[in-house]
$ cat final.txt   # compact mmCIF, C-alpha atoms and all ligand atoms
# COMPACT_ATOMS: atom_id res chain seq x y z
CA MET Y 1 31.38 -27.45 -26.77
CA THR Y 2 29.11 -26.09 -24.07
CA THR Y 3 28.35 -28.80 -21.53
CA THR Y 4 26.27 -28.30 -18.41
CA ARG Y 5 24.93 -30.63 -15.79
CA PHE Y 6 22.20 -30.84 -13.23
CA ALA Y 7 23.41 -32.88 -10.29
CA PRO Y 8 20.68 -33.72 -7.80
CA SER Y 9 21.23 -36.07 -4.88
CA PRO Y 10 18.44 -38.66 -4.92
CA THR Y 11 17.49 -38.08 -1.30
CA GLY Y 12 14.11 -36.46 -1.89
CA TYR Y 13 11.73 -35.08 -4.48
CA LEU Y 14 12.72 -32.15 -6.67
CA HIS Y 15 11.23 -28.80 -5.64
CA VAL Y 16 11.05 -25.38 -7.24
CA GLY Y 17 14.52 -24.47 -5.94
CA ASN Y 18 16.03 -27.51 -7.69
CA LEU Y 19 14.07 -26.72 -10.81
CA ARG Y 20 15.62 -23.29 -11.00
CA THR Y 21 19.09 -24.88 -11.04
CA ALA Y 22 18.09 -27.57 -13.52
CA LEU Y 23 16.43 -25.10 -15.83
CA MET Y 24 19.30 -22.62 -15.92
CA ASN Y 25 21.77 -25.36 -16.78
CA HIS Y 26 19.43 -26.84 -19.33
CA LEU Y 27 18.82 -23.49 -21.03
CA ILE Y 28 22.51 -22.66 -21.28
CA ALA Y 29 23.16 -25.95 -23.04
CA ARG Y 30 20.07 -25.70 -25.20
CA LYS Y 31 20.77 -22.16 -26.31
CA ALA Y 32 24.33 -23.09 -27.29
CA GLY Y 33 23.34 -26.36 -28.94
CA GLY Y 34 25.49 -28.10 -26.32
CA THR Y 35 25.10 -31.07 -24.00
CA PHE Y 36 23.03 -31.25 -20.84
CA ILE Y 37 24.00 -34.01 -18.42
CA LEU Y 38 21.75 -35.38 -15.73
CA ARG Y 39 24.14 -36.51 -13.03
CA ILE Y 40 22.81 -38.44 -10.09
CA ASP Y 41 24.94 -37.63 -7.04
CA ASP Y 42 24.45 -40.92 -5.25
CA THR Y 43 27.71 -41.54 -3.42
CA ASP Y 44 25.85 -41.74 -0.13
CA PRO Y 45 24.34 -45.23 -0.12
CA GLU Y 46 22.35 -44.66 3.05
CA ARG Y 47 20.49 -41.57 1.95
CA SER Y 48 20.22 -42.24 -1.80
CA LYS Y 49 17.06 -44.03 -2.87
CA GLU Y 50 16.22 -45.57 -6.22
CA GLU Y 51 12.64 -44.31 -6.00
CA TYR Y 52 13.97 -40.74 -5.93
CA VAL Y 53 16.13 -41.38 -8.99
CA GLU Y 54 13.00 -42.45 -10.82
CA ALA Y 55 11.04 -39.50 -9.45
CA ILE Y 56 13.74 -37.04 -10.60
CA LYS Y 57 13.64 -38.44 -14.12
CA GLU Y 58 9.86 -38.38 -14.15
CA ASP Y 59 9.68 -34.77 -12.99
CA LEU Y 60 12.27 -33.58 -15.51
CA ALA Y 61 10.54 -35.49 -18.30
CA TRP Y 62 7.20 -33.93 -17.35
CA LEU Y 63 8.79 -30.51 -17.77
CA GLY Y 64 10.47 -31.45 -21.04
CA LEU Y 65 13.94 -30.95 -19.56
CA ASP Y 66 15.48 -33.81 -21.53
CA TRP Y 67 19.05 -34.81 -20.83
CA ASP Y 68 21.61 -35.85 -23.42
CA ARG Y 69 23.54 -38.00 -21.02
CA LEU Y 70 22.81 -39.73 -17.76
CA GLU Y 71 25.61 -40.32 -15.27
CA ARG Y 72 25.61 -41.88 -11.85
CA GLN Y 73 28.34 -41.23 -9.35
CA SER Y 74 27.88 -44.64 -7.77
CA ALA Y 75 29.14 -46.13 -11.04
CA ARG Y 76 32.32 -44.05 -11.02
CA LEU Y 77 33.83 -44.81 -7.63
CA ASP Y 78 37.03 -46.15 -9.22
CA ARG Y 79 37.56 -42.76 -10.95
CA TYR Y 80 37.29 -40.97 -7.62
CA GLU Y 81 39.69 -43.41 -5.99
CA ALA Y 82 42.17 -42.84 -8.80
CA ALA Y 83 41.92 -39.07 -8.35
CA ALA Y 84 42.38 -39.45 -4.58
CA GLU Y 85 45.49 -41.54 -5.20
CA ARG Y 86 46.94 -38.81 -7.40
CA LEU Y 87 46.24 -36.16 -4.77
CA ARG Y 88 47.90 -38.35 -2.12
CA GLY Y 89 50.91 -38.68 -4.40
CA MET Y 90 51.15 -34.88 -4.60
CA GLY Y 91 50.86 -34.51 -0.84
CA ARG Y 92 47.55 -32.71 -1.23
CA LEU Y 93 45.42 -35.30 0.57
CA TYR Y 94 46.15 -36.07 4.20
CA GLU Y 95 44.72 -38.46 6.71
CA CYS Y 96 43.06 -37.11 9.86
CA PHE Y 97 41.75 -38.91 12.93
CA GLU Y 98 39.79 -36.35 14.94
CA THR Y 99 36.38 -37.54 16.07
CA PRO Y 100 33.35 -35.31 15.44
CA THR Y 101 33.36 -34.43 19.15
CA GLU Y 102 37.00 -33.37 19.05
CA LEU Y 103 36.39 -31.25 15.98
CA ASP Y 104 33.42 -29.66 17.65
CA LEU Y 105 35.49 -28.82 20.68
CA LYS Y 106 38.18 -27.24 18.52
CA ARG Y 107 35.58 -25.12 16.76
CA LYS Y 108 34.08 -23.94 20.04
CA LYS Y 109 37.49 -22.98 21.38
CA GLN Y 110 38.28 -21.00 18.25
CA LEU Y 111 34.94 -19.21 18.36
CA ASN Y 112 35.45 -18.40 22.04
CA MET Y 113 38.75 -16.78 21.16
CA GLY Y 114 37.03 -14.81 18.41
CA ARG Y 115 38.73 -16.76 15.65
CA PRO Y 116 37.07 -18.30 12.60
CA PRO Y 117 36.41 -22.03 13.10
CA VAL Y 118 38.88 -23.26 10.50
CA TYR Y 119 40.42 -26.72 10.83
CA ASP Y 120 43.86 -26.27 12.42
CA ARG Y 121 45.64 -28.93 10.34
CA ALA Y 122 46.86 -30.70 13.46
CA ALA Y 123 46.88 -33.98 11.52
CA LEU Y 124 49.57 -32.66 9.19
CA ALA Y 125 52.03 -32.86 12.10
CA LEU Y 126 51.37 -36.55 12.83
CA SER Y 127 54.30 -38.90 12.32
CA GLU Y 128 53.88 -42.26 10.56
CA GLU Y 129 54.02 -44.04 13.94
CA GLU Y 130 51.38 -41.80 15.43
CA LYS Y 131 49.14 -42.41 12.44
CA ALA Y 132 49.62 -46.16 12.71
CA ARG Y 133 48.73 -46.01 16.39
CA LEU Y 134 45.63 -43.87 15.74
CA ARG Y 135 44.59 -46.20 12.93
CA ALA Y 136 44.88 -49.17 15.27
CA GLU Y 137 42.90 -47.35 17.96
CA ARG Y 138 40.25 -45.59 15.89
CA GLY Y 139 40.17 -47.31 12.52
CA ALA Y 140 41.01 -45.70 9.17
CA GLY Y 141 41.12 -41.90 9.17
CA HIS Y 142 39.27 -39.43 6.97
CA TRP Y 143 41.08 -37.52 4.26
CA ARG Y 144 41.33 -33.79 3.80
CA PHE Y 145 42.44 -31.82 0.78
CA LYS Y 146 45.28 -29.44 1.61
CA LEU Y 147 44.31 -26.02 0.31
CA LEU Y 148 47.01 -23.66 -0.88
CA HIS Y 149 46.69 -20.60 1.30
CA GLU Y 150 46.20 -17.99 -1.37
CA ARG Y 151 43.22 -16.12 -2.70
CA ILE Y 152 40.89 -18.12 -4.92
CA GLU Y 153 39.36 -15.90 -7.57
CA TRP Y 154 36.84 -16.30 -10.32
CA GLU Y 155 34.49 -14.26 -12.42
CA ASP Y 156 31.08 -15.49 -11.36
CA GLY Y 157 28.41 -15.46 -14.07
CA ILE Y 158 25.92 -13.88 -11.69
CA LEU Y 159 27.85 -12.56 -8.68
CA GLY Y 160 30.65 -10.95 -10.68
CA PRO Y 161 34.31 -11.06 -9.57
CA LEU Y 162 34.72 -13.16 -6.42
CA SER Y 163 37.77 -13.59 -4.26
CA ILE Y 164 37.95 -15.96 -1.31
CA ASP Y 165 40.90 -16.33 1.04
CA ALA Y 166 41.63 -20.06 1.16
CA ALA Y 167 43.04 -19.64 4.67
CA SER Y 168 39.55 -18.72 5.87
CA VAL Y 169 38.21 -22.10 4.77
CA SER Y 170 38.79 -25.51 6.38
CA ASP Y 171 40.62 -28.08 4.30
CA PRO Y 172 37.63 -30.00 2.91
CA VAL Y 173 37.12 -33.66 3.81
CA LEU Y 174 37.04 -35.62 0.56
CA ILE Y 175 36.89 -39.18 1.88
CA ARG Y 176 35.25 -40.36 5.05
CA GLY Y 177 36.73 -42.80 7.53
CA ASP Y 178 34.52 -45.56 6.15
CA GLY Y 179 35.92 -44.94 2.68
CA GLN Y 180 32.91 -43.10 1.30
CA VAL Y 181 33.92 -40.50 -1.27
CA LEU Y 182 32.25 -37.17 -0.59
CA TYR Y 183 30.48 -34.93 -3.04
CA THR Y 184 33.28 -32.37 -3.30
CA LEU Y 185 35.76 -34.81 -4.80
CA ALA Y 186 33.22 -36.71 -6.88
CA SER Y 187 31.84 -33.51 -8.34
CA VAL Y 188 35.26 -32.19 -9.26
CA VAL Y 189 36.31 -35.42 -10.95
CA ASP Y 190 33.05 -35.58 -12.90
CA ASP Y 191 33.01 -31.93 -13.94
CA THR Y 192 36.57 -32.28 -15.18
CA GLU Y 193 36.32 -35.67 -16.89
CA MET Y 194 32.92 -34.96 -18.44
CA GLY Y 195 34.11 -31.71 -19.94
CA VAL Y 196 31.60 -29.54 -18.08
CA THR Y 197 32.07 -25.95 -19.24
CA ASP Y 198 29.41 -24.16 -17.19
CA VAL Y 199 28.15 -24.83 -13.68
CA VAL Y 200 25.14 -22.98 -12.34
CA ARG Y 201 24.09 -23.77 -8.80
CA GLY Y 202 22.77 -22.09 -5.67
CA SER Y 203 24.79 -19.48 -3.82
CA ASP Y 204 25.01 -21.88 -0.87
CA HIS Y 205 27.76 -23.53 -2.95
CA VAL Y 206 30.07 -20.49 -3.24
CA THR Y 207 32.58 -21.77 -0.69
CA ASN Y 208 32.47 -25.24 -2.25
CA THR Y 209 33.33 -23.64 -5.55
CA ALA Y 210 36.42 -22.01 -4.09
CA THR Y 211 37.78 -25.31 -2.80
CA GLN Y 212 36.69 -27.19 -5.91
CA ILE Y 213 38.64 -24.80 -8.11
CA GLN Y 214 41.81 -25.66 -6.20
CA ILE Y 215 41.14 -29.38 -6.45
CA MET Y 216 40.51 -29.08 -10.18
CA GLU Y 217 43.73 -27.18 -10.60
CA ALA Y 218 45.61 -29.78 -8.58
CA LEU Y 219 44.25 -32.52 -10.82
CA GLY Y 220 45.11 -30.53 -13.92
CA GLY Y 221 41.51 -30.14 -15.01
CA GLU Y 222 39.91 -27.31 -16.93
CA VAL Y 223 38.01 -25.05 -14.53
CA PRO Y 224 34.43 -24.40 -15.76
CA ARG Y 225 32.65 -21.07 -15.67
CA PHE Y 226 30.69 -20.82 -12.44
CA ALA Y 227 27.51 -18.92 -11.71
CA HIS Y 228 25.68 -18.94 -8.39
CA HIS Y 229 22.06 -17.98 -8.34
CA SER Y 230 20.45 -16.45 -5.29
CA LEU Y 231 18.23 -18.56 -3.11
CA LEU Y 232 14.48 -18.43 -3.37
CA THR Y 233 12.48 -16.88 -0.57
CA GLY Y 234 8.75 -16.77 0.07
CA PRO Y 235 6.69 -13.78 -1.09
CA GLN Y 236 7.48 -11.86 2.11
CA GLY Y 237 11.19 -12.56 1.81
CA GLU Y 238 10.96 -15.35 4.40
CA ALA Y 239 13.28 -18.34 4.08
CA LEU Y 240 11.76 -20.99 1.86
CA SER Y 241 13.94 -23.85 3.02
CA LYS Y 242 11.34 -25.28 5.37
CA ARG Y 243 8.52 -24.87 2.89
CA LEU Y 244 10.40 -26.33 -0.04
CA GLY Y 245 9.07 -29.72 0.96
CA THR Y 246 5.59 -28.45 0.11
CA LEU Y 247 6.78 -27.08 -3.20
CA ALA Y 248 7.73 -30.42 -4.70
CA LEU Y 249 7.31 -30.49 -8.46
CA ARG Y 250 5.07 -33.53 -8.25
CA ASP Y 251 2.73 -31.76 -5.86
CA LEU Y 252 2.50 -28.78 -8.19
CA ARG Y 253 1.79 -31.18 -11.03
CA ALA Y 254 -0.96 -32.83 -8.98
CA ALA Y 255 -2.40 -29.37 -8.21
CA GLY Y 256 -2.75 -28.78 -11.95
CA VAL Y 257 0.16 -26.40 -12.59
CA GLU Y 258 1.23 -26.54 -16.24
CA PRO Y 259 4.91 -27.07 -17.17
CA ALA Y 260 4.82 -23.93 -19.33
CA ALA Y 261 3.80 -21.85 -16.31
CA LEU Y 262 6.58 -23.24 -14.11
CA LEU Y 263 9.24 -22.95 -16.79
CA SER Y 264 8.24 -19.46 -17.90
CA LEU Y 265 8.22 -18.17 -14.34
CA LEU Y 266 11.43 -19.79 -13.12
CA ALA Y 267 13.42 -18.95 -16.24
CA ARG Y 268 12.99 -15.23 -15.57
CA LEU Y 269 12.27 -14.82 -11.85
CA GLY Y 270 15.14 -12.93 -10.25
CA SER Y 271 16.39 -11.57 -13.57
CA ALA Y 272 16.04 -8.11 -15.06
CA ASP Y 273 13.72 -9.57 -17.71
CA ALA Y 274 9.96 -9.69 -17.31
CA VAL Y 275 8.21 -13.03 -16.96
CA GLU Y 276 6.55 -13.86 -20.24
CA LEU Y 277 4.45 -16.91 -20.84
CA ARG Y 278 6.20 -19.16 -23.35
CA GLY Y 279 4.83 -22.47 -24.46
CA ASP Y 280 8.08 -24.14 -25.37
CA LEU Y 281 11.62 -24.42 -24.14
CA ASP Y 282 13.27 -23.15 -27.30
CA ALA Y 283 11.39 -19.88 -26.96
CA ILE Y 284 12.37 -19.69 -23.29
CA ALA Y 285 15.98 -20.48 -24.13
CA ALA Y 286 16.12 -17.85 -26.86
CA GLY Y 287 15.65 -14.98 -24.40
CA PHE Y 288 17.66 -16.53 -21.56
CA ASP Y 289 20.78 -14.76 -20.34
CA ILE Y 290 22.39 -15.78 -17.06
CA SER Y 291 24.09 -12.39 -16.68
CA ARG Y 292 20.65 -10.77 -16.36
CA PHE Y 293 20.14 -12.45 -12.97
CA GLY Y 294 20.81 -10.58 -9.75
CA ALA Y 295 22.47 -11.54 -6.50
CA ALA Y 296 19.59 -10.51 -4.24
CA PRO Y 297 17.34 -13.26 -2.84
CA THR Y 298 14.53 -14.03 -5.25
CA LYS Y 299 10.94 -13.91 -4.07
CA PHE Y 300 8.80 -16.77 -5.20
CA ASP Y 301 5.05 -16.94 -4.77
CA VAL Y 302 3.49 -20.24 -5.71
CA GLU Y 303 0.23 -18.39 -6.41
CA ASP Y 304 1.85 -16.76 -9.45
CA LEU Y 305 1.80 -20.14 -11.16
CA TYR Y 306 -1.98 -20.28 -11.39
CA PRO Y 307 -2.74 -17.22 -13.54
CA LEU Y 308 0.08 -18.32 -15.86
CA THR Y 309 -1.40 -21.82 -15.99
CA ALA Y 310 -4.83 -20.37 -16.80
CA ARG Y 311 -3.41 -18.15 -19.55
CA TYR Y 312 -1.56 -21.07 -21.04
CA LEU Y 313 -4.71 -23.19 -21.10
CA HIS Y 314 -6.78 -20.38 -22.62
CA GLY Y 315 -4.40 -20.27 -25.53
CA LEU Y 316 -4.37 -24.02 -26.27
CA PRO Y 317 -5.86 -25.04 -29.61
CA PHE Y 318 -8.52 -27.75 -29.58
CA GLU Y 319 -6.28 -30.29 -31.32
CA THR Y 320 -3.93 -30.41 -28.33
CA VAL Y 321 -6.74 -31.39 -25.95
CA ARG Y 322 -8.94 -33.46 -28.25
CA GLU Y 323 -8.03 -36.79 -26.63
CA GLU Y 324 -8.28 -35.46 -23.12
CA ILE Y 325 -11.77 -34.16 -23.82
CA ALA Y 326 -12.84 -37.39 -25.47
CA ALA Y 327 -11.59 -39.21 -22.38
CA LEU Y 328 -13.99 -37.16 -20.24
CA GLY Y 329 -16.82 -38.64 -22.27
CA VAL Y 330 -17.73 -35.49 -24.21
CA PRO Y 331 -19.41 -36.62 -27.45
CA ASP Y 332 -17.37 -35.89 -30.59
CA ASP Y 333 -19.88 -33.46 -32.03
CA LEU Y 334 -19.79 -31.30 -28.89
CA ALA Y 335 -16.08 -31.59 -28.10
CA GLU Y 336 -14.77 -28.55 -29.94
CA GLN Y 337 -17.53 -26.32 -28.67
CA PHE Y 338 -17.09 -27.66 -25.16
CA TRP Y 339 -13.43 -26.69 -25.26
CA ALA Y 340 -14.18 -23.24 -26.64
CA VAL Y 341 -16.58 -22.61 -23.77
CA ALA Y 342 -14.67 -24.32 -20.98
CA ARG Y 343 -11.15 -23.07 -21.62
CA GLU Y 344 -12.03 -19.50 -20.73
CA ASN Y 345 -13.35 -20.70 -17.41
CA ILE Y 346 -10.73 -23.05 -16.05
CA SER Y 347 -7.60 -22.32 -14.10
CA THR Y 348 -6.32 -25.90 -14.32
CA ARG Y 349 -7.13 -28.86 -16.57
CA LYS Y 350 -8.70 -30.65 -13.65
CA GLU Y 351 -11.63 -28.22 -13.80
CA LEU Y 352 -12.58 -29.49 -17.25
CA ALA Y 353 -14.13 -32.53 -15.62
CA ASP Y 354 -16.28 -30.28 -13.41
CA TRP Y 355 -17.59 -28.33 -16.38
CA TRP Y 356 -18.37 -31.49 -18.25
CA ALA Y 357 -20.17 -32.97 -15.21
CA LEU Y 358 -22.22 -29.81 -15.06
CA CYS Y 359 -23.17 -30.09 -18.74
CA ARG Y 360 -23.91 -33.80 -18.54
CA ASP Y 361 -25.75 -34.03 -15.23
CA GLY Y 362 -26.98 -30.50 -14.71
CA ALA Y 363 -26.00 -28.41 -11.71
CA GLU Y 364 -27.50 -28.23 -8.26
CA PRO Y 365 -29.40 -24.94 -8.71
CA ASP Y 366 -28.41 -22.01 -6.52
CA ILE Y 367 -31.61 -20.09 -5.82
CA ALA Y 368 -31.91 -17.22 -3.36
CA PRO Y 369 -35.19 -17.35 -1.34
CA GLU Y 370 -36.35 -14.03 -2.80
CA ASP Y 371 -35.89 -15.44 -6.32
CA ALA Y 372 -37.60 -18.77 -5.71
CA GLU Y 373 -40.93 -17.81 -7.18
CA PHE Y 374 -39.38 -16.04 -10.13
CA VAL Y 375 -37.15 -19.01 -10.95
CA ALA Y 376 -40.07 -21.44 -10.67
CA GLU Y 377 -42.02 -19.34 -13.15
CA ALA Y 378 -39.05 -19.14 -15.48
CA MET Y 379 -38.46 -22.90 -15.39
CA GLU Y 380 -42.01 -23.44 -16.56
CA LEU Y 381 -41.06 -21.57 -19.72
CA LEU Y 382 -37.90 -23.56 -20.36
CA PRO Y 383 -38.28 -26.46 -22.80
CA PRO Y 384 -36.19 -29.59 -22.11
CA PRO Y 385 -32.76 -30.00 -23.78
CA PRO Y 386 -31.30 -30.13 -26.38
CA TYR Y 387 -30.69 -26.42 -26.79
CA THR Y 388 -29.22 -24.29 -29.54
CA ALA Y 389 -27.32 -21.01 -29.61
CA GLU Y 390 -30.68 -19.24 -29.74
CA SER Y 391 -32.21 -20.99 -26.73
CA TRP Y 392 -30.94 -18.61 -24.06
CA GLY Y 393 -32.09 -15.50 -25.92
CA ALA Y 394 -35.52 -16.94 -26.62
CA TRP Y 395 -36.01 -18.18 -23.07
CA THR Y 396 -34.90 -14.99 -21.32
CA ALA Y 397 -37.10 -12.92 -23.68
CA ALA Y 398 -40.09 -15.05 -22.74
CA VAL Y 399 -39.28 -14.83 -19.03
CA LYS Y 400 -38.87 -11.07 -19.28
CA GLU Y 401 -42.21 -10.72 -20.92
CA LYS Y 402 -43.97 -12.88 -18.36
CA THR Y 403 -42.31 -11.47 -15.21
CA GLY Y 404 -41.29 -7.97 -16.17
CA ARG Y 405 -37.77 -8.55 -14.80
CA LYS Y 406 -34.82 -7.31 -16.80
CA GLY Y 407 -31.05 -6.83 -16.72
CA LYS Y 408 -29.04 -8.49 -13.97
CA ALA Y 409 -32.16 -9.30 -11.91
CA LEU Y 410 -33.36 -11.35 -14.82
CA PHE Y 411 -30.15 -13.02 -15.96
CA MET Y 412 -28.29 -13.75 -12.73
CA PRO Y 413 -30.93 -15.91 -11.00
CA LEU Y 414 -31.37 -17.87 -14.23
CA ARG Y 415 -27.64 -18.41 -14.61
CA LYS Y 416 -27.43 -19.58 -10.99
CA ALA Y 417 -30.42 -21.83 -11.46
CA LEU Y 418 -28.90 -23.58 -14.47
CA THR Y 419 -25.23 -23.66 -13.45
CA GLY Y 420 -25.26 -23.32 -9.68
CA ARG Y 421 -22.65 -20.58 -10.07
CA ALA Y 422 -22.63 -16.82 -10.38
CA ARG Y 423 -19.87 -16.83 -12.97
CA GLY Y 424 -19.01 -18.86 -16.00
CA PRO Y 425 -19.26 -18.99 -19.77
CA GLU Y 426 -21.68 -16.93 -21.81
CA MET Y 427 -25.00 -18.65 -21.21
CA ALA Y 428 -25.88 -18.56 -24.89
CA ASP Y 429 -22.68 -20.60 -25.57
CA LEU Y 430 -23.15 -22.91 -22.64
CA MET Y 431 -26.78 -23.88 -23.20
CA PRO Y 432 -26.22 -25.96 -26.33
CA LEU Y 433 -23.86 -28.10 -24.24
CA LEU Y 434 -26.37 -28.81 -21.50
CA GLN Y 435 -27.56 -32.38 -21.66
CA THR Y 436 -29.68 -32.12 -18.57
CA VAL Y 437 -31.28 -29.40 -16.50
CA ARG Y 438 -31.84 -30.59 -12.96
CA ASP Y 439 -35.61 -30.38 -12.91
CA LYS Y 440 -35.90 -31.18 -16.64
CA PRO Y 441 -34.62 -34.72 -16.96
N1 LIG T 1 24.43 -32.88 -5.45
C1 LIG T 1 24.76 -31.51 -5.19
C2 LIG T 1 23.57 -30.81 -4.58
O1 LIG T 1 22.49 -31.27 -4.69
C3 LIG T 1 25.19 -30.85 -6.46
C4 LIG T 1 25.74 -29.49 -6.32
C5 LIG T 1 26.44 -29.07 -7.60
O2 LIG T 1 25.72 -28.61 -8.49
O3 LIG T 1 27.63 -29.25 -7.71
O4 LIG T 1 23.68 -29.80 -3.94
$ encode --input "final.txt" --output "structure tokens"
Amino acid sequence: MTTTRFAPSPTGYLHVGNLRTALMNHLIARKAGGTFILRIDDTDPERSKEEYVEAIKEDLAWLGLDWDRLERQSARLDRYEAAAERLRGMGRLYECFETPTELDLKRKKQLNMGRPPVYDRAALALSEEEKARLRAERGAGHWRFKLLHERIEWEDGILGPLSIDAASVSDPVLIRGDGQVLYTLASVVDDTEMGVTDVVRGSDHVTNTATQIQIMEALGGEVPRFAHHSLLTGPQGEALSKRLGTLALRDLRAAGVEPAALLSLLARLGSADAVELRGDLDAIAAGFDISRFGAAPTKFDVEDLYPLTARYLHGLPFETVREEIAALGVPDDLAEQFWAVARENISTRKELADWWALCRDGAEPDIAPEDAEFVAEAMELLPPPPYTAESWGAWTAAVKEKTGRKGKALFMPLRKALTGRARGPEMADLMPLLQTVRDKP
């Protein structure tokens, strides 16, 4: 059965880059009727925070990316220790004692000699006595996985056939000197034991994948299908990494972006398929195909989310917003009409409150000096609310007759006098909603 996972580390808020990974994995599982696991990668007790675990769940729930299973790495440390023990038994995990400074020095030397900075495996030559002495001097060592120096190959779901020479990669550290199990081992054990069949993640993980495949093979696990999506860049192709902090999902939510807009955009961005606004995840999943995505960096412009949000809102039937509109204080008998008028004129839900305030309290009129006299004359002809669908037509006809103005010179100053804005709903539709006109209390 198809099983995917989204494996965030709870060290910060989810951003659009994370969402892309989560969504792709979710859609693969959803389309296949499989299982989607939310796995919290919290083996680092210093950096992992419970508030981020809660925030991750909240953000995914907001988007409707439900998970079938929740796993936490911090609850599985014994599994990782057992796997490490097996690797030790096979001679594939070896203890090393170099300090960070020593490793740095080695790397610099290699680079100076024009060689790739790959760990030289000096620790493999240590005798038991030397290790005991180092342990006594420096404390417990860290543990590296011994790669087999051969080519590691896989058919990547996005990047196509990949082949990486294991000798060009350092033996990965799986356990730190203080005993902390690192992501590489934990992830491999989880993917294998949880029956993960498909892993989609960012292309910054390609080298990890190569080493993880060897660890999986060493542990006798089934190797999943891997796909690495390109990284997101800004609209000009600039790196997004620094700006990702400002693209947190919760900030976009606070700015009024709709889940449908985010999901529709990120499910297609970077693929050969056009972005189409879809209101629900099943519809998005139906057209989703990982092989349609390209390897080139994907440009993301946060501004694209707003027209999609507006289009989504324009299409929402009244029933879906009935409660929200009641909560604004719109009387029941006006609610449906208010929605019909307002939805065409909002780009986020937050603007509904502005339109209702305008209807309820009247707007600060916007009157150009050259129109002041004209508007004053017109206001004399305006009866107080309530208005009907005919009110605008009747009023403007009377004003036209009295002043001789017509067309835009007639309508625009009146619109701006009643709404304080140059644009907005049809005035004939808006007037019946006006409870107050500023100088007609
Ligand atoms: N916790 C890892 C990360 O956030 C997961 C990577 C993976 O998908 O294996 O990068």
$ residues_near_ligand --input "final.txt" --ligand "ligand LIG 1 (chain T)" --cutoff "9 Å" --atoms "only C-alpha atoms and all ligand atoms" --output "VMD selection string"
chain Y and resid 5 to 10 18 21 39 to 42 183 to 184 187 to 188 191 199 to 202 204 to 205 208 to 209
$ atom_distance --input "final.txt" --atom1 "CA of Glu46 (chain Y)" --atom2 "CA of Ala136 (chain Y)"
26.0 Å
$ residues_near_point --input "final.txt" --point "(17.2, -24.1, -0.7)" --cutoff "12 Å" --atoms "all atoms listed in the file" --output "count of residues only"
30
$ closest_residue --input "final.txt" --among "Y:Gly220, Y:Pro365, Y:Pro384, Y:Gly89" --to "Met412 (chain Y)" --atoms "only C-alpha atoms"
Y:Pro365
$ residues_around --input "final.txt" --residues "Ser163 (chain Y)" --least-positions-apart "2" --cutoff "8 Å" --atoms "only C-alpha atoms" --output "JSON, numbers by chain"
{"Y": [151, 152, 153, 154, 161, 165]}
$ residues_around --input "final.txt" --residues "Leu418 (chain Y)" --least-positions-apart "3" --cutoff "8 Å" --atoms "only C-alpha atoms" --output "list in words"
Gly362, Ala363, Glu364, Pro365, Leu414, Arg415, Val437 and Arg438 of chain Y
$ atom_distance --input "final.txt" --atom1 "CA of His142 (chain Y)" --atom2 "CA of Val173 (chain Y)"
6.9 Å
$ axis_aligned_box --input "final.txt" --around "region 237-251 of chain Y" --padding-each-side "4 Å" --output "AutoDock Vina command-line options"
--center_x 8.3 --center_y -23.0 --center_z -1.5 --size_x 19.2 --size_y 29.0 --size_z 21.8
